[in-house]
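Notes for the one structure printed next.
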Amino acid sequence: MAETLVNDARVMSKGQVTIPKNIRSVLGVSTGDRVTFIVEGDSVRVVNSAVYAMKKLQQQMKGEAEKAGFLSEEDVAAWITASRREENEE
């Protein structure tokens with residue numbers, strides 16, 4: 001089970017909050033990275049934006065490979081090989 005971390009931060013006059021170092025570490029964010037705020041009822045989750053975007057994309061794409069006829073990694077590898085051959089012929 002994941003460890004629960006609790007930490008406080010002060011909201012500054014412009015609404016800015018410094019994310020504590022241990023929380024940044026868990027989120028995998030550093031200077032210049034983006035975070036996403038997810039409001040659920042009276043709670044807010046802060047997540048790494050890149051990780052959140054990838055998870056959303058994976059959810060949206062779920063099942064699309066099967067619809068396209070890719071049933072295994074070998075099917076994908078064969079398609080890539082065939083596509084590269086076609087590109088090289090052009």
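Chain identifiers are assigned as A, B, and so on, following the order in which chains appear in the structure tokens; residues are numbered from 1 within each chain, and ligands are numbered from 1 in order of appearance.
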
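Those residues that approach A:Arg34 to within 9 Å, counting only C-alpha atoms, are A:Val47, A:Asn48, A:Ser49, A:Ala50; same-chain residues fewer than 6 positions away are not listed.
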
Residues as selected, all heavy atoms, written as a PDB file, in the first residue's frame, can you do that?
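Saved the output as part-v6.pdb:
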ATOM      1  N   VAL A  47      -1.252  16.545  -9.109  1.00  0.00           N
ATOM      2  CA  VAL A  47      -0.564  15.467  -9.803  1.00  0.00           C
ATOM      3  C   VAL A  47       0.418  16.043 -10.818  1.00  0.00           C
ATOM      4  O   VAL A  47       0.254  17.169 -11.286  1.00  0.00           O
ATOM      5  CB  VAL A  47      -1.557  14.502 -10.504  1.00  0.00           C
ATOM      6  CG1 VAL A  47      -2.468  13.821  -9.497  1.00  0.00           C
ATOM      7  CG2 VAL A  47      -2.388  15.236 -11.541  1.00  0.00           C
ATOM      8  N   ASN A  48       1.410  15.254 -11.165  1.00  0.00           N
ATOM      9  CA  ASN A  48       2.358  15.614 -12.211  1.00  0.00           C
ATOM     10  C   ASN A  48       1.581  15.686 -13.518  1.00  0.00           C
ATOM     11  O   ASN A  48       0.934  14.727 -13.930  1.00  0.00           O
ATOM     12  CB  ASN A  48       3.448  14.545 -12.264  1.00  0.00           C
ATOM     13  CG  ASN A  48       4.497  14.809 -13.304  1.00  0.00           C
ATOM     14  OD1 ASN A  48       4.198  15.215 -14.418  1.00  0.00           O
ATOM     15  ND2 ASN A  48       5.744  14.548 -12.937  1.00  0.00           N
ATOM     16  N   SER A  49       1.605  16.834 -14.193  1.00  0.00           N
ATOM     17  CA  SER A  49       0.809  17.029 -15.411  1.00  0.00           C
ATOM     18  C   SER A  49       1.167  16.044 -16.514  1.00  0.00           C
ATOM     19  O   SER A  49       0.288  15.552 -17.219  1.00  0.00           O
ATOM     20  CB  SER A  49       0.973  18.457 -15.938  1.00  0.00           C
ATOM     21  OG  SER A  49       0.382  19.375 -15.061  1.00  0.00           O
ATOM     22  N   ALA A  50       2.457  15.751 -16.687  1.00  0.00           N
ATOM     23  CA  ALA A  50       2.877  14.828 -17.745  1.00  0.00           C
ATOM     24  C   ALA A  50       2.341  13.421 -17.485  1.00  0.00           C
ATOM     25  O   ALA A  50       1.840  12.757 -18.400  1.00  0.00           O
ATOM     26  CB  ALA A  50       4.399  14.809 -17.856  1.00  0.00           C
TER      27      ALA A  50
END

Where in stretch 2-87 of chain A does DSSP assign alpha helix (DSSP H), given as number ranges by chain?
A: 21-27, 49-61, 64-67, 73-87

Got a sec: who's within 12 Å of A:Lys21, counting only C-alpha atoms, leaving out chain neighbours fewer than 2 positions off, as number ranges by chain?
A: 5, 7-9, 18-19, 23-31

Would you output that residue set with all heavy atoms, as a short mmCIF file (atom, residue, chain, number, x, y, z; two decimals), in the first residue's frame?
data_model
loop_
_atom_site.label_atom_id
_atom_site.label_comp_id
_atom_site.auth_asym_id
_atom_site.auth_seq_id
_atom_site.Cartn_x
_atom_site.Cartn_y
_atom_site.Cartn_z
N LEU A 5 1.52 10.76 2.80
CA LEU A 5 2.30 11.91 3.25
C LEU A 5 1.33 13.06 3.51
O LEU A 5 0.42 13.30 2.73
CB LEU A 5 3.29 12.34 2.17
CG LEU A 5 4.40 11.36 1.83
CD1 LEU A 5 5.25 11.90 0.69
CD2 LEU A 5 5.27 11.09 3.05
N ASN A 7 1.49 17.21 4.52
CA ASN A 7 2.37 18.36 4.68
C ASN A 7 1.54 19.62 4.49
O ASN A 7 0.58 19.62 3.74
CB ASN A 7 3.52 18.30 3.66
CG ASN A 7 4.77 18.96 4.17
OD1 ASN A 7 4.69 19.98 4.86
ND2 ASN A 7 5.91 18.40 3.84
N ASP A 8 1.91 20.67 5.16
CA ASP A 8 1.20 21.94 5.07
C ASP A 8 2.02 22.95 4.28
O ASP A 8 3.24 22.88 4.25
CB ASP A 8 0.96 22.54 6.47
CG ASP A 8 0.05 21.67 7.30
OD1 ASP A 8 -1.04 21.32 6.82
OD2 ASP A 8 0.44 21.36 8.43
N ALA A 9 1.32 23.89 3.67
CA ALA A 9 1.97 25.00 2.99
C ALA A 9 1.09 26.24 3.16
O ALA A 9 -0.13 26.13 3.23
CB ALA A 9 2.17 24.69 1.51
N THR A 18 4.13 27.03 -2.14
CA THR A 18 5.35 26.27 -2.39
C THR A 18 5.06 24.81 -2.06
O THR A 18 4.62 24.49 -0.96
CB THR A 18 6.52 26.78 -1.53
OG1 THR A 18 6.76 28.14 -1.87
CG2 THR A 18 7.76 25.95 -1.76
N ILE A 19 5.27 23.93 -3.04
CA ILE A 19 5.07 22.50 -2.81
C ILE A 19 6.28 22.00 -2.03
O ILE A 19 7.42 22.14 -2.48
CB ILE A 19 4.92 21.73 -4.13
CG1 ILE A 19 3.75 22.29 -4.95
CG2 ILE A 19 4.74 20.24 -3.85
CD1 ILE A 19 3.66 21.73 -6.36
N ILE A 23 7.06 16.29 -1.11
CA ILE A 23 5.90 16.09 -1.99
C ILE A 23 6.33 16.20 -3.45
O ILE A 23 5.93 15.40 -4.31
CB ILE A 23 4.79 17.12 -1.68
CG1 ILE A 23 4.36 17.06 -0.20
CG2 ILE A 23 3.60 16.92 -2.61
CD1 ILE A 23 3.78 15.73 0.24
N ARG A 24 7.19 17.18 -3.77
CA ARG A 24 7.72 17.31 -5.14
C ARG A 24 8.44 16.03 -5.55
O ARG A 24 8.32 15.57 -6.68
CB ARG A 24 8.68 18.50 -5.24
CG ARG A 24 8.00 19.84 -5.11
CD ARG A 24 8.90 21.00 -5.51
NE ARG A 24 10.24 20.96 -4.97
CZ ARG A 24 10.65 21.61 -3.87
NH1 ARG A 24 9.80 22.37 -3.20
NH2 ARG A 24 11.89 21.54 -3.47
N SER A 25 9.16 15.47 -4.62
CA SER A 25 9.90 14.24 -4.90
C SER A 25 8.95 13.09 -5.24
O SER A 25 9.16 12.37 -6.21
CB SER A 25 10.77 13.87 -3.69
OG SER A 25 11.44 12.66 -3.91
N VAL A 26 7.91 12.94 -4.46
CA VAL A 26 6.93 11.88 -4.71
C VAL A 26 6.23 12.09 -6.05
O VAL A 26 5.99 11.15 -6.81
CB VAL A 26 5.88 11.82 -3.56
CG1 VAL A 26 4.72 10.91 -3.93
CG2 VAL A 26 6.54 11.33 -2.28
N LEU A 27 5.91 13.36 -6.37
CA LEU A 27 5.24 13.68 -7.64
C LEU A 27 6.19 13.58 -8.83
O LEU A 27 5.74 13.50 -9.97
CB LEU A 27 4.65 15.09 -7.59
CG LEU A 27 3.47 15.33 -6.67
CD1 LEU A 27 3.08 16.80 -6.68
CD2 LEU A 27 2.30 14.45 -7.06
N GLY A 28 7.49 13.61 -8.57
CA GLY A 28 8.45 13.59 -9.66
C GLY A 28 8.51 14.90 -10.42
O GLY A 28 8.69 14.90 -11.63
N VAL A 29 8.31 16.01 -9.71
CA VAL A 29 8.35 17.32 -10.36
C VAL A 29 9.52 18.13 -9.83
O VAL A 29 9.93 18.00 -8.68
CB VAL A 29 7.03 18.11 -10.19
CG1 VAL A 29 5.88 17.39 -10.86
CG2 VAL A 29 6.72 18.38 -8.74
N SER A 30 10.04 18.98 -10.70
CA SER A 30 11.12 19.89 -10.32
C SER A 30 10.89 21.24 -10.98
O SER A 30 9.88 21.43 -11.67
CB SER A 30 12.48 19.30 -10.70
OG SER A 30 12.53 19.06 -12.10
N THR A 31 11.81 22.13 -10.81
CA THR A 31 11.68 23.48 -11.33
C THR A 31 11.28 23.48 -12.82
O THR A 31 11.90 22.78 -13.62
CB THR A 31 13.01 24.24 -11.17
OG1 THR A 31 13.35 24.26 -9.79
CG2 THR A 31 12.90 25.67 -11.68
#

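Interatomic distance, atom CA of A:Val11 against atom CA of A:Val44: 14.5 Å.
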
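Reported to one decimal place, the separation of atom CA of A:Tyr52 from atom CA of A:Glu73 is 24.9 Å.
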
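Atom CA of A:Lys62 lies 27.6 Å from atom CA of A:Glu86.
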
Within 7 Å of A:Val46, counting only C-alpha atoms, which residues show up once you throw out same-chain ones fewer than 2 positions away? Write them as a ChimeraX atom specification, please.
/A:35-38,44

Output the selection as a PDB file, in the first residue's frame - N, CA and C atoms for each residue.
ATOM      1  N   VAL A  35       2.113  21.048 -12.797  1.00  0.00           N
ATOM      2  CA  VAL A  35       1.251  20.176 -12.002  1.00  0.00           C
ATOM      3  C   VAL A  35      -0.196  20.458 -12.396  1.00  0.00           C
ATOM      4  N   THR A  36      -1.044  19.475 -12.196  1.00  0.00           N
ATOM      5  CA  THR A  36      -2.471  19.590 -12.485  1.00  0.00           C
ATOM      6  C   THR A  36      -3.231  19.481 -11.170  1.00  0.00           C
ATOM      7  N   PHE A  37      -4.215  20.361 -10.989  1.00  0.00           N
ATOM      8  CA  PHE A  37      -5.069  20.329  -9.808  1.00  0.00           C
ATOM      9  C   PHE A  37      -6.380  19.657 -10.197  1.00  0.00           C
ATOM     10  N   ILE A  38      -6.765  18.632  -9.464  1.00  0.00           N
ATOM     11  CA  ILE A  38      -8.008  17.909  -9.720  1.00  0.00           C
ATOM     12  C   ILE A  38      -8.902  18.089  -8.503  1.00  0.00           C
ATOM     13  N   VAL A  44      -8.772  18.408  -3.138  1.00  0.00           N
ATOM     14  CA  VAL A  44      -7.994  18.716  -4.333  1.00  0.00           C
ATOM     15  C   VAL A  44      -6.790  17.788  -4.361  1.00  0.00           C
TER      16      VAL A  44
END

Backbone DSSP call of strand (DSSP E) for chain A, listed as a compact mmCIF listing (two decimals) with C-alpha atoms, in the first residue's frame:
# COMPACT_ATOMS: atom_id res chain seq x y z
CA VAL A 35 1.25 20.18 -12.00
CA THR A 36 -2.47 19.59 -12.48
CA PHE A 37 -5.07 20.33 -9.81
CA ILE A 38 -8.01 17.91 -9.72
CA VAL A 39 -10.97 19.03 -7.62
CA GLU A 40 -13.21 16.26 -6.30
CA SER A 43 -10.74 17.80 -1.90
CA VAL A 44 -7.99 18.72 -4.33
CA ARG A 45 -5.37 16.36 -5.72
CA VAL A 46 -2.12 17.69 -7.15
CA VAL A 47 -0.56 15.47 -9.80
CA ASN A 48 2.36 15.61 -12.21
